[in-house]
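Next comes data20.cif, a file with mmCIF, C-alpha atoms.
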data_run
loop_
_atom_site.label_atom_id
_atom_site.label_comp_id
_atom_site.auth_asym_id
_atom_site.auth_seq_id
_atom_site.Cartn_x
_atom_site.Cartn_y
_atom_site.Cartn_z
CA MET N 12 65.34 117.64 36.75
CA ILE N 13 62.74 118.76 39.24
CA ALA N 14 61.43 122.29 39.66
CA VAL N 15 59.18 124.31 41.90
CA GLY N 16 55.57 123.83 40.89
CA ASP N 17 56.06 120.38 39.41
CA PRO N 18 53.16 118.05 40.28
CA LEU N 19 53.88 114.72 41.95
CA PRO N 20 52.38 111.56 40.40
CA GLY N 21 49.10 110.82 42.15
CA LEU N 22 48.43 107.64 44.08
CA ARG N 23 44.83 106.50 43.81
CA ILE N 24 42.88 104.02 45.91
CA GLU N 25 39.56 103.23 44.28
CA SER N 26 37.92 101.87 47.42
CA VAL N 27 39.31 102.16 50.97
CA SER N 28 38.97 98.65 52.36
CA PRO N 29 37.26 97.88 55.68
CA GLU N 30 39.25 94.61 55.72
CA LYS N 31 42.52 96.58 55.57
CA MET N 32 41.23 98.74 58.46
CA ARG N 33 40.70 95.54 60.44
CA GLN N 34 44.26 94.38 59.63
CA LEU N 35 45.68 97.76 60.61
CA ALA N 36 43.69 97.82 63.86
CA ALA N 37 45.35 94.52 64.76
CA VAL N 38 48.83 95.86 63.97
CA LEU N 39 48.18 99.07 65.90
CA ARG N 40 46.43 97.24 68.74
CA ASP N 41 43.73 99.88 68.30
CA PRO N 42 40.37 98.49 69.44
CA ASN N 43 38.42 101.67 68.59
CA PRO N 44 35.15 100.28 67.17
CA ILE N 45 34.71 103.13 64.68
CA HIS N 46 37.32 101.32 62.52
CA LEU N 47 35.56 97.96 62.82
CA ASP N 48 31.83 98.33 63.29
CA PRO N 49 29.49 100.59 61.26
CA ALA N 50 26.99 100.48 64.13
CA ALA N 51 29.57 102.12 66.43
CA VAL N 52 30.02 104.92 63.88
CA ALA N 53 26.25 105.39 63.68
CA ARG N 54 25.94 105.56 67.48
CA LEU N 55 28.34 108.55 67.46
CA GLY N 56 26.32 110.21 64.69
CA LEU N 57 29.30 110.10 62.32
CA GLY N 58 27.72 108.15 59.47
CA ASP N 59 27.01 104.54 58.62
CA ARG N 60 30.38 103.28 57.37
CA VAL N 61 33.57 102.40 59.23
CA ILE N 62 36.16 105.20 59.50
CA ASN N 63 39.73 104.73 58.30
CA GLN N 64 42.53 105.23 60.82
CA GLY N 65 44.01 108.75 60.63
CA PRO N 66 47.60 107.44 60.42
CA ALA N 67 46.55 105.28 57.45
CA ASN N 68 45.35 108.36 55.60
CA LEU N 69 48.70 110.03 56.25
CA ALA N 70 50.50 106.85 55.21
CA TYR N 71 48.87 107.01 51.76
CA ILE N 72 50.55 110.42 51.34
CA ILE N 73 53.87 108.92 52.48
CA ASN N 74 53.42 106.08 49.96
CA MET N 75 52.88 108.67 47.22
CA LEU N 76 56.08 110.49 48.28
CA ARG N 77 58.07 107.22 48.40
CA ALA N 78 56.93 106.42 44.86
CA ALA N 79 57.83 109.90 43.62
CA PHE N 80 61.26 109.94 45.33
CA PRO N 81 62.38 106.33 45.85
CA ALA N 82 65.97 107.24 46.83
CA SER N 83 65.13 109.80 49.48
CA SER N 84 64.85 110.28 53.21
CA LEU N 85 61.95 112.04 54.86
CA LEU N 86 63.17 114.91 57.05
CA GLN N 87 59.93 116.65 58.02
CA LEU N 88 56.25 115.91 57.75
CA ASP N 89 53.67 118.36 59.09
CA ALA N 90 50.15 116.99 58.70
CA ARG N 91 46.70 118.37 59.39
CA PHE N 92 43.75 116.01 59.69
CA LEU N 93 40.69 117.72 58.23
CA ALA N 94 38.04 115.08 57.68
CA ASN N 95 37.26 111.40 57.97
CA VAL N 96 37.77 108.79 55.24
CA PHE N 97 35.12 106.06 55.23
CA GLY N 98 35.13 102.48 54.06
CA GLY N 99 34.43 102.38 50.33
CA ASP N 100 35.64 105.95 49.69
CA ALA N 101 37.81 106.61 46.65
CA VAL N 102 40.86 108.69 47.60
CA GLU N 103 43.86 110.12 45.80
CA ALA N 104 47.13 111.32 47.30
CA GLY N 105 48.86 114.08 45.36
CA GLY N 106 51.19 117.01 45.73
CA ARG N 107 53.49 119.55 44.16
CA ILE N 108 57.03 120.76 44.74
CA THR N 109 57.37 123.99 46.71
CA PHE N 110 61.16 124.37 46.93
CA VAL N 111 64.39 122.75 45.85
CA THR N 112 67.73 123.56 47.48
CA THR N 113 71.13 122.01 46.95
CA GLU N 114 73.25 121.51 50.05
CA THR N 115 76.42 119.63 50.87
CA GLU N 116 74.44 116.65 52.22
CA GLY N 117 72.21 116.42 49.15
CA THR N 118 69.19 118.09 47.56
CA ARG N 119 66.33 119.17 49.80
CA VAL N 120 62.88 119.10 48.24
CA GLY N 121 59.81 120.66 49.83
CA CYS N 122 56.35 119.44 48.86
CA GLU N 123 52.80 120.37 49.68
CA THR N 124 50.68 117.26 49.62
CA TRP N 125 47.11 116.18 50.18
CA LEU N 126 44.77 113.24 50.37
CA ASN N 127 41.53 114.07 48.57
CA VAL N 128 38.31 112.12 48.91
CA ASP N 129 36.28 111.94 45.70
CA GLY N 130 33.37 114.35 45.94
CA ARG N 131 34.29 115.72 49.38
CA GLY N 132 37.75 117.31 49.15
CA PRO N 133 40.84 117.03 51.33
CA ALA N 134 40.90 114.71 54.34
CA VAL N 135 44.59 115.34 55.11
CA THR N 136 47.05 118.00 54.01
CA ALA N 137 50.76 117.81 54.75
CA ASN N 138 53.95 119.71 54.09
CA ALA N 139 56.95 117.45 53.61
CA VAL N 140 60.69 117.96 53.27
CA LEU N 141 62.78 115.20 51.73
CA LEU N 142 66.51 114.76 51.25
CA LEU N 143 67.55 113.27 47.93
CA GLY N 144 70.82 111.44 47.66
CA GLY N 145 71.68 111.98 51.30
CA ARG N 146 71.70 109.86 54.40
CA SER N 147 70.93 106.18 54.11
CA MET D 21 34.92 117.75 85.12
CA ALA D 22 36.52 120.81 83.62
CA GLY D 23 35.22 124.23 84.61
CA GLU D 24 35.89 127.53 82.85
CA GLN D 25 39.58 126.79 82.68
CA PRO D 26 40.97 123.51 81.36
CA PRO D 27 42.96 121.28 83.72
CA GLN D 28 46.48 122.56 84.31
CA VAL D 29 48.42 119.75 82.67
CA ALA D 30 51.13 121.61 80.72
CA GLY D 31 54.52 120.23 81.67
CA THR D 32 53.21 116.79 82.64
CA ARG D 33 55.78 114.19 81.68
CA LEU D 34 54.47 110.95 80.25
CA PRO D 35 55.85 107.65 81.58
CA GLY D 36 57.61 106.80 78.32
CA GLY D 37 58.97 103.41 77.42
CA GLU D 38 60.48 101.49 74.55
CA TYR D 39 59.33 100.45 71.11
CA ARG D 40 60.82 97.95 68.67
CA ILE D 41 59.45 97.65 65.14
CA SER D 42 59.70 94.01 64.17
CA SER D 43 60.17 93.11 60.52
CA ALA D 44 56.99 91.03 60.67
CA GLU D 45 54.95 93.91 62.09
CA ASN D 46 56.35 96.31 59.48
CA ARG D 47 55.46 93.83 56.75
CA ALA D 48 51.90 93.45 58.07
CA LEU D 49 51.52 97.20 58.35
CA CYS D 50 52.77 97.76 54.80
CA GLU D 51 50.33 95.15 53.53
CA ALA D 52 47.44 96.90 55.28
CA LEU D 53 48.64 100.19 53.74
CA LEU D 54 48.87 98.74 50.22
CA THR D 55 52.63 99.11 49.85
CA GLU D 56 55.76 96.96 49.88
CA PRO D 57 58.14 96.99 52.85
CA ALA D 58 61.62 98.36 52.14
CA ALA D 59 64.18 95.65 51.40
CA ASP D 60 66.95 97.33 53.39
CA GLY D 61 65.37 97.23 56.85
CA ARG D 62 63.88 100.72 56.86
CA ALA D 63 60.53 100.90 58.61
CA HIS D 64 57.54 102.65 57.04
CA GLU D 65 57.75 106.32 58.01
CA ILE D 66 54.24 106.25 59.50
CA TYR D 67 55.94 104.56 62.45
CA SER D 68 56.93 108.10 63.41
CA TYR D 69 53.36 108.35 64.69
CA ILE D 70 52.79 104.72 65.68
CA ALA D 71 56.03 104.06 67.57
CA THR D 72 55.82 107.23 69.61
CA GLN D 73 52.15 106.77 70.45
CA SER D 74 52.62 103.11 71.32
CA GLY D 75 55.73 103.69 73.40
CA MET D 76 54.69 106.78 75.35
CA GLY D 77 53.76 104.68 78.36
CA VAL D 78 50.08 105.56 78.45
CA THR D 79 47.21 104.77 76.11
CA VAL D 80 45.51 107.54 74.16
CA ASP D 81 42.51 107.04 76.47
CA GLY D 82 44.87 107.42 79.42
CA LEU D 83 46.43 110.55 77.95
CA LEU D 84 42.96 112.04 77.50
CA ALA D 85 42.04 111.06 81.06
CA ILE D 86 44.97 113.16 82.31
CA CYS D 87 43.13 116.03 80.60
CA GLU D 88 39.89 115.00 82.36
CA PHE D 89 38.40 114.04 79.02
CA ASP D 90 36.41 110.90 78.28
CA ALA D 91 37.50 109.21 75.04
CA ALA D 92 33.85 108.31 74.43
CA ASP D 93 33.15 112.03 73.85
CA GLY D 94 34.78 111.92 70.43
CA PRO D 95 38.35 113.28 70.44
CA MET D 96 39.77 114.17 67.01
CA LEU D 97 43.38 114.04 65.90
CA GLY D 98 44.13 117.55 64.66
CA SER D 99 47.74 117.54 63.52
CA SER D 100 50.98 115.60 63.69
CA ASN D 101 54.33 117.24 62.96
CA SER D 102 57.40 115.01 62.66
CA ARG D 103 61.11 115.80 62.50
CA PHE D 104 63.30 112.88 61.47
CA HIS D 105 66.91 113.08 62.69
CA SER D 106 67.74 109.64 61.33
CA THR D 107 66.02 106.80 59.51
CA LEU D 108 63.58 104.58 61.41
CA MET D 109 64.69 100.96 61.18
CA THR D 110 63.14 97.61 61.95
CA GLU D 111 64.61 95.33 64.63
CA VAL D 112 66.02 98.29 66.56
CA THR D 113 64.85 99.18 70.06
CA TYR D 114 64.02 102.85 70.59
CA ARG D 115 63.34 104.79 73.77
CA VAL D 116 60.24 106.99 73.87
CA SER D 117 59.62 109.98 76.12
CA GLY D 118 56.92 112.62 76.11
CA THR D 119 55.61 115.82 77.63
CA ILE D 120 52.27 117.61 77.49
CA LEU D 121 53.00 121.09 76.12
CA ALA D 122 49.60 122.76 76.44
CA LEU D 123 45.88 122.29 76.95
CA THR D 124 44.16 125.39 75.62
CA ARG D 125 40.44 126.16 75.78
CA LYS D 126 38.80 127.60 72.67
CA GLN D 127 35.36 128.37 71.33
CA SER D 128 34.49 126.77 68.00
CA ARG D 129 31.47 127.71 65.92
CA LYS D 130 31.16 124.09 64.85
CA LEU D 131 32.09 122.24 68.05
CA GLY D 132 31.30 124.75 70.79
CA VAL D 133 33.68 124.73 73.76
CA MET D 134 36.74 122.61 73.07
CA ASP D 135 40.25 122.09 74.35
CA VAL D 136 43.31 121.70 72.15
CA LEU D 137 45.81 119.24 73.58
CA GLU D 138 49.39 119.59 72.38
CA TYR D 139 52.10 117.11 73.37
CA ARG D 140 55.58 116.22 72.18
CA LEU D 141 57.00 112.72 71.89
CA THR D 142 60.63 111.92 71.18
CA LEU D 143 62.36 108.78 70.04
CA GLU D 144 66.01 108.10 70.67
CA SER D 145 68.35 105.19 70.23
CA GLU D 146 69.42 103.06 73.18
CA SER D 147 72.68 105.03 73.19
CA GLY D 148 70.75 108.31 73.46
CA GLU D 149 71.07 109.57 69.88
CA PRO D 150 67.97 111.54 68.79
CA VAL D 151 65.98 109.77 66.08
CA LEU D 152 62.65 111.52 65.85
CA GLU D 153 60.50 114.24 67.40
CA VAL D 154 56.73 114.38 66.95
CA THR D 155 54.29 117.05 68.13
CA ASN D 156 50.64 116.03 68.01
CA THR D 157 47.45 117.96 68.70
CA TRP D 158 44.07 116.53 69.58
CA ILE D 159 40.77 118.41 69.57
CA LEU D 160 38.70 117.63 72.66
CA PRO D 161 35.07 118.82 72.34
CA ARG D 162 33.74 119.71 75.80
CA ARG D 163 30.15 118.82 74.97
CA ASN D 164 28.98 119.28 78.55
CA LEU D 165 30.16 122.92 78.51
CA THR D 166 28.54 123.86 75.21
#
This entry written out as structure tokens:
Amino acid sequence: MIAVGDPLPGLRIESVSPEKMRQLAAVLRDPNPIHLDPAAVARLGLGDRVINQGPANLAYIINMLRAAFPASSLLQLDARFLANVFGGDAVEAGGRITFVTTETEGTRVGCETWLNVDGRGPAVTANAVLLLGGRS
Amino acid sequence: MAGEQPPQVAGTRLPGGEYRISSAENRALCEALLTEPAADGRAHEIYSYIATQSGMGVTVDGLLAICEFDAADGPMLGSSNSRFHSTLMTEVTYRVSGTILALTRKQSRKLGVMDVLEYRLTLESESGEPVLEVTNTWILPRRNLT
């Protein structure tokens, strides 16, 4: 039984991997050097470590939601990108339930979610709506 | 370069195109994102962003150029709002279309003069059934105007 206010199990990544950024850049065909080369980040005055792709940060939240609700479909996802995540950062995706409604197609669950960087706060926040037991 | 008003680009239709999420690409993406691919052919939901961006028929740099903005000036993804009408699947070809909704000039205490670019991308099946709608915003700092 789920209820409004329930926390979602957190998903923690102890160290965001520059190698995974490189793999993702290849998949996304995204040659932006800020994901690959610390010197490029430094030239822009943004720090001295590579910067994780924004969609990857949002994907960690999606992974957390998939783990919390394995038999669900995502209906809505409204994300705000607030800060960068750097190579080597420790991050944790988390959330809590904001509404639960029962409809003919299944149970709709609303969640507020976030990706927090240790010591710096949220990098991404997102409101999600999922359908449990509905469409395949 | 932009003057006091941003370029009038609202209503500009993007070329659009097609996007097909291969099983192999989905698997590689899931590995990079530290998760397992679904066993039933569903694609990772982050493809809501990736498939629309990749299939919109213009690169992000090209989209920013329409707004008379140089990508080297440090654009920032501000938000991405997705509405899923059906489940994104691998090995299915989707059609992508897009429209610029607004380019709005603002004054930021942190960034100075900046423009907020808002555009909508849609994904539909080859038979025309709606699959997904995404509205993204980018923050474009107009450093030369600050």
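Evaluated against the shown file, the PyMOL selection byres ((chain D and resi 49) around 10) gives N:Lys31, N:Gln34, N:Leu35, N:Ala36, N:Ala37, N:Val38, N:Leu39, N:Ala67, D:Ser43, D:Ala44, D:Glu45, D:Asn46, D:Arg47, D:Ala48, D:Cys50, D:Glu51, D:Ala52, D:Leu53, D:Leu54, D:Thr55, D:Glu56, D:Pro57, D:Ala63, D:His64, D:Ile66, D:Tyr67.
One finds atom CA of D:Ser42 at 22.7 Å from atom CA of N:Ala82.
By chain and then residue number, the residues within 7 Å of stretch 136-153 of chain D are D:Thr72, D:Ser102, D:Arg103, D:Phe104, D:His105, D:Ser106, D:Thr113, D:Tyr114, D:Arg115, D:Val116, D:Ser117, D:Gly118, D:Thr119, D:Ile120, D:Leu121, D:Ala122, D:Leu123, D:Thr124, D:Arg125, D:Ile159, D:Leu160, counting all atoms listed in the file and disregarding those fewer than 6 positions away in sequence.
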For the provided coordinates, the residues matched by the PyMOL selection byres ((chain N) within 6 of (chain D)) should be stated as a PDB file with C-alpha atoms, in the coordinates of the input.
ATOM      1  CA  LYS N  31      42.520  96.580  55.570  1.00  0.00           C
ATOM      2  CA  GLN N  34      44.260  94.380  59.630  1.00  0.00           C
ATOM      3  CA  LEU N  35      45.680  97.760  60.610  1.00  0.00           C
ATOM      4  CA  ALA N  70      50.500 106.850  55.210  1.00  0.00           C
ATOM      5  CA  LEU N  86      63.170 114.910  57.050  1.00  0.00           C
ATOM      6  CA  GLN N  87      59.930 116.650  58.020  1.00  0.00           C
ATOM      7  CA  LEU N  88      56.250 115.910  57.750  1.00  0.00           C
ATOM      8  CA  ASP N  89      53.670 118.360  59.090  1.00  0.00           C
ATOM      9  CA  ALA N  90      50.150 116.990  58.700  1.00  0.00           C
ATOM     10  CA  ARG N  91      46.700 118.370  59.390  1.00  0.00           C
ATOM     11  CA  PHE N  92      43.750 116.010  59.690  1.00  0.00           C
TER      12      PHE N  92
END
Inset, instruction - Using the chain letters and numbering of this document, enumerate as a list in words the residues selected by the PyMOL selection byres ((chain N and resi 120) around 6). - result: Phe110, Val111, Arg119, Gly121, Val140 and Leu141 of chain N
Inset, instruction - Taking (55.6, 97.0, 72.0) in the file's own coordinates, collect the residues within 9 Å, counting all atoms listed in the file, and hand them back as an NGL selection string. - result: :D and (38-41 or 71 or 74-75)
For stretch 73-78 of chain N, take all atoms listed in the file, fit an axis-aligned box around them, add 6 Å to each of the six sides, then output centre and edge lengths in Å rounded to one decimal, as lines of an AutoDock Vina configuration file.
center_x = 55.5
center_y = 108.3
center_z = 48.7
size_x = 17.2
size_y = 16.4
size_z = 19.6
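The interatomic distance for the pair atom CA of N:Leu143 and atom CA of N:Phe80 works out to 7.6 Å.
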Legend entry - Separation of atom CA of N:Asn68 from atom CA of N:Pro44 in Å: 17.4 Å
Legend entry - Spatial neighbours of N:Gly56, 12 Å, all atoms listed in the file, chain gap at least 4 places, as an NGL selection string: (:N and (45 or 49-52 or 60-61)) or (:D and (93-94))
Inset, instruction - Determine, counting all atoms listed in the file, which protein, DNA and RNA residues have an atom within 10 Å of an atom of stretch 75-79 of chain N; residues of the same chain fewer than 6 positions away are not included. Present the result as a list in words. - result: Pro18, Leu19, Pro20, Gly21, Leu22, Arg23, Leu85, Glu103, Ala104, Gly105, Gly106, Cys122, Thr124, Trp125, Leu126, Ala139 and Leu141 of chain N; Thr55, His64 and Glu65 of chain D
Inset, instruction - Counting only C-alpha atoms, write as a PyMOL selection string all protein and nucleic acid residues lying at most 12 Å from (41.0, 118.3, 86.7) in the file's frame. - result: chain D and resi 21-29+84-89+123
Complete the atoms of stretch 124-157 of chain D to N, CA and C atoms and put them out as an mmCIF file, in the frame of the given file.
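Output file selection_30.cif follows:
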data_model
loop_
_atom_site.group_PDB
_atom_site.id
_atom_site.type_symbol
_atom_site.label_atom_id
_atom_site.label_comp_id
_atom_site.auth_asym_id
_atom_site.auth_seq_id
_atom_site.Cartn_x
_atom_site.Cartn_y
_atom_site.Cartn_z
ATOM 1 N N THR D 124 44.668 124.023 75.807
ATOM 2 C CA THR D 124 44.160 125.390 75.620
ATOM 3 C C THR D 124 42.671 125.351 75.292
ATOM 4 N N ARG D 125 41.887 126.121 76.034
ATOM 5 C CA ARG D 125 40.440 126.160 75.780
ATOM 6 C C ARG D 125 40.100 127.150 74.678
ATOM 7 N N LYS D 126 39.210 126.734 73.777
ATOM 8 C CA LYS D 126 38.800 127.600 72.670
ATOM 9 C C LYS D 126 37.307 127.458 72.445
ATOM 10 N N GLN D 127 36.773 128.427 71.722
ATOM 11 C CA GLN D 127 35.360 128.370 71.330
ATOM 12 C C GLN D 127 35.314 128.137 69.828
ATOM 13 N N SER D 128 34.614 127.084 69.423
ATOM 14 C CA SER D 128 34.490 126.770 68.000
ATOM 15 C C SER D 128 33.045 126.940 67.591
ATOM 16 N N ARG D 129 32.853 127.551 66.405
ATOM 17 C CA ARG D 129 31.470 127.710 65.920
ATOM 18 C C ARG D 129 30.840 126.346 65.647
ATOM 19 N N LYS D 130 31.685 125.402 65.206
ATOM 20 C CA LYS D 130 31.160 124.090 64.850
ATOM 21 C C LYS D 130 31.029 123.178 66.071
ATOM 22 N N LEU D 131 32.027 123.215 66.953
ATOM 23 C CA LEU D 131 32.090 122.240 68.050
ATOM 24 C C LEU D 131 31.691 122.822 69.397
ATOM 25 N N GLY D 132 31.554 124.142 69.491
ATOM 26 C CA GLY D 132 31.300 124.750 70.790
ATOM 27 C C GLY D 132 32.587 124.851 71.597
ATOM 28 N N VAL D 133 32.483 124.659 72.930
ATOM 29 C CA VAL D 133 33.680 124.730 73.760
ATOM 30 C C VAL D 133 34.543 123.492 73.497
ATOM 31 N N MET D 134 35.825 123.746 73.301
ATOM 32 C CA MET D 134 36.740 122.610 73.070
ATOM 33 C C MET D 134 38.109 122.954 73.629
ATOM 34 N N ASP D 135 38.859 121.922 73.932
ATOM 35 C CA ASP D 135 40.250 122.090 74.350
ATOM 36 C C ASP D 135 41.158 121.535 73.273
ATOM 37 N N VAL D 136 42.286 122.190 73.088
ATOM 38 C CA VAL D 136 43.310 121.700 72.150
ATOM 39 C C VAL D 136 44.475 121.176 72.977
ATOM 40 N N LEU D 137 44.702 119.887 72.865
ATOM 41 C CA LEU D 137 45.810 119.240 73.580
ATOM 42 C C LEU D 137 47.015 119.158 72.656
ATOM 43 N N GLU D 138 48.148 119.654 73.142
ATOM 44 C CA GLU D 138 49.390 119.590 72.380
ATOM 45 C C GLU D 138 50.440 118.872 73.211
ATOM 46 N N TYR D 139 51.064 117.842 72.634
ATOM 47 C CA TYR D 139 52.100 117.110 73.370
ATOM 48 C C TYR D 139 53.212 116.690 72.419
ATOM 49 N N ARG D 140 54.399 116.573 72.986
ATOM 50 C CA ARG D 140 55.580 116.220 72.180
ATOM 51 C C ARG D 140 56.108 114.866 72.614
ATOM 52 N N LEU D 141 56.424 114.041 71.636
ATOM 53 C CA LEU D 141 57.000 112.720 71.890
ATOM 54 C C LEU D 141 58.340 112.641 71.160
ATOM 55 N N THR D 142 59.316 112.058 71.819
ATOM 56 C CA THR D 142 60.630 111.920 71.180
ATOM 57 C C THR D 142 61.063 110.467 71.198
ATOM 58 N N LEU D 143 61.822 110.133 70.187
ATOM 59 C CA LEU D 143 62.360 108.780 70.040
ATOM 60 C C LEU D 143 63.866 108.916 69.987
ATOM 61 N N GLU D 144 64.554 108.107 70.753
ATOM 62 C CA GLU D 144 66.010 108.100 70.670
ATOM 63 C C GLU D 144 66.510 106.674 70.696
ATOM 64 N N SER D 145 67.748 106.525 70.242
ATOM 65 C CA SER D 145 68.350 105.190 70.230
ATOM 66 C C SER D 145 68.691 104.787 71.661
ATOM 67 N N GLU D 146 69.047 103.524 71.836
ATOM 68 C CA GLU D 146 69.420 103.060 73.180
ATOM 69 C C GLU D 146 70.660 103.777 73.692
ATOM 70 N N SER D 147 71.485 104.295 72.758
ATOM 71 C CA SER D 147 72.680 105.030 73.190
ATOM 72 C C SER D 147 72.401 106.516 73.390
ATOM 73 N N GLY D 148 71.128 106.922 73.181
ATOM 74 C CA GLY D 148 70.750 108.310 73.460
ATOM 75 C C GLY D 148 70.783 109.243 72.271
ATOM 76 N N GLU D 149 71.053 108.714 71.077
ATOM 77 C CA GLU D 149 71.070 109.570 69.880
ATOM 78 C C GLU D 149 69.628 109.904 69.478
ATOM 79 N N PRO D 150 69.331 111.195 69.201
ATOM 80 C CA PRO D 150 67.970 111.540 68.790
ATOM 81 C C PRO D 150 67.634 110.945 67.427
ATOM 82 N N VAL D 151 66.423 110.406 67.318
ATOM 83 C CA VAL D 151 65.980 109.770 66.080
ATOM 84 C C VAL D 151 64.805 110.540 65.479
ATOM 85 N N LEU D 152 63.928 111.009 66.346
ATOM 86 C CA LEU D 152 62.650 111.520 65.850
ATOM 87 C C LEU D 152 61.999 112.374 66.930
ATOM 88 N N GLU D 153 61.302 113.422 66.485
ATOM 89 C CA GLU D 153 60.500 114.240 67.400
ATOM 90 C C GLU D 153 59.149 114.473 66.734
ATOM 91 N N VAL D 154 58.086 114.233 67.477
ATOM 92 C CA VAL D 154 56.730 114.380 66.950
ATOM 93 C C VAL D 154 55.913 115.245 67.894
ATOM 94 N N THR D 155 55.221 116.235 67.339
ATOM 95 C CA THR D 155 54.290 117.050 68.130
ATOM 96 C C THR D 155 52.891 116.828 67.571
ATOM 97 N N ASN D 156 52.009 116.324 68.429
ATOM 98 C CA ASN D 156 50.640 116.030 68.010
ATOM 99 C C ASN D 156 49.669 116.977 68.698
ATOM 100 N N THR D 157 48.550 117.258 68.034
ATOM 101 C CA THR D 157 47.450 117.960 68.700
ATOM 102 C C THR D 157 46.178 117.135 68.542
#
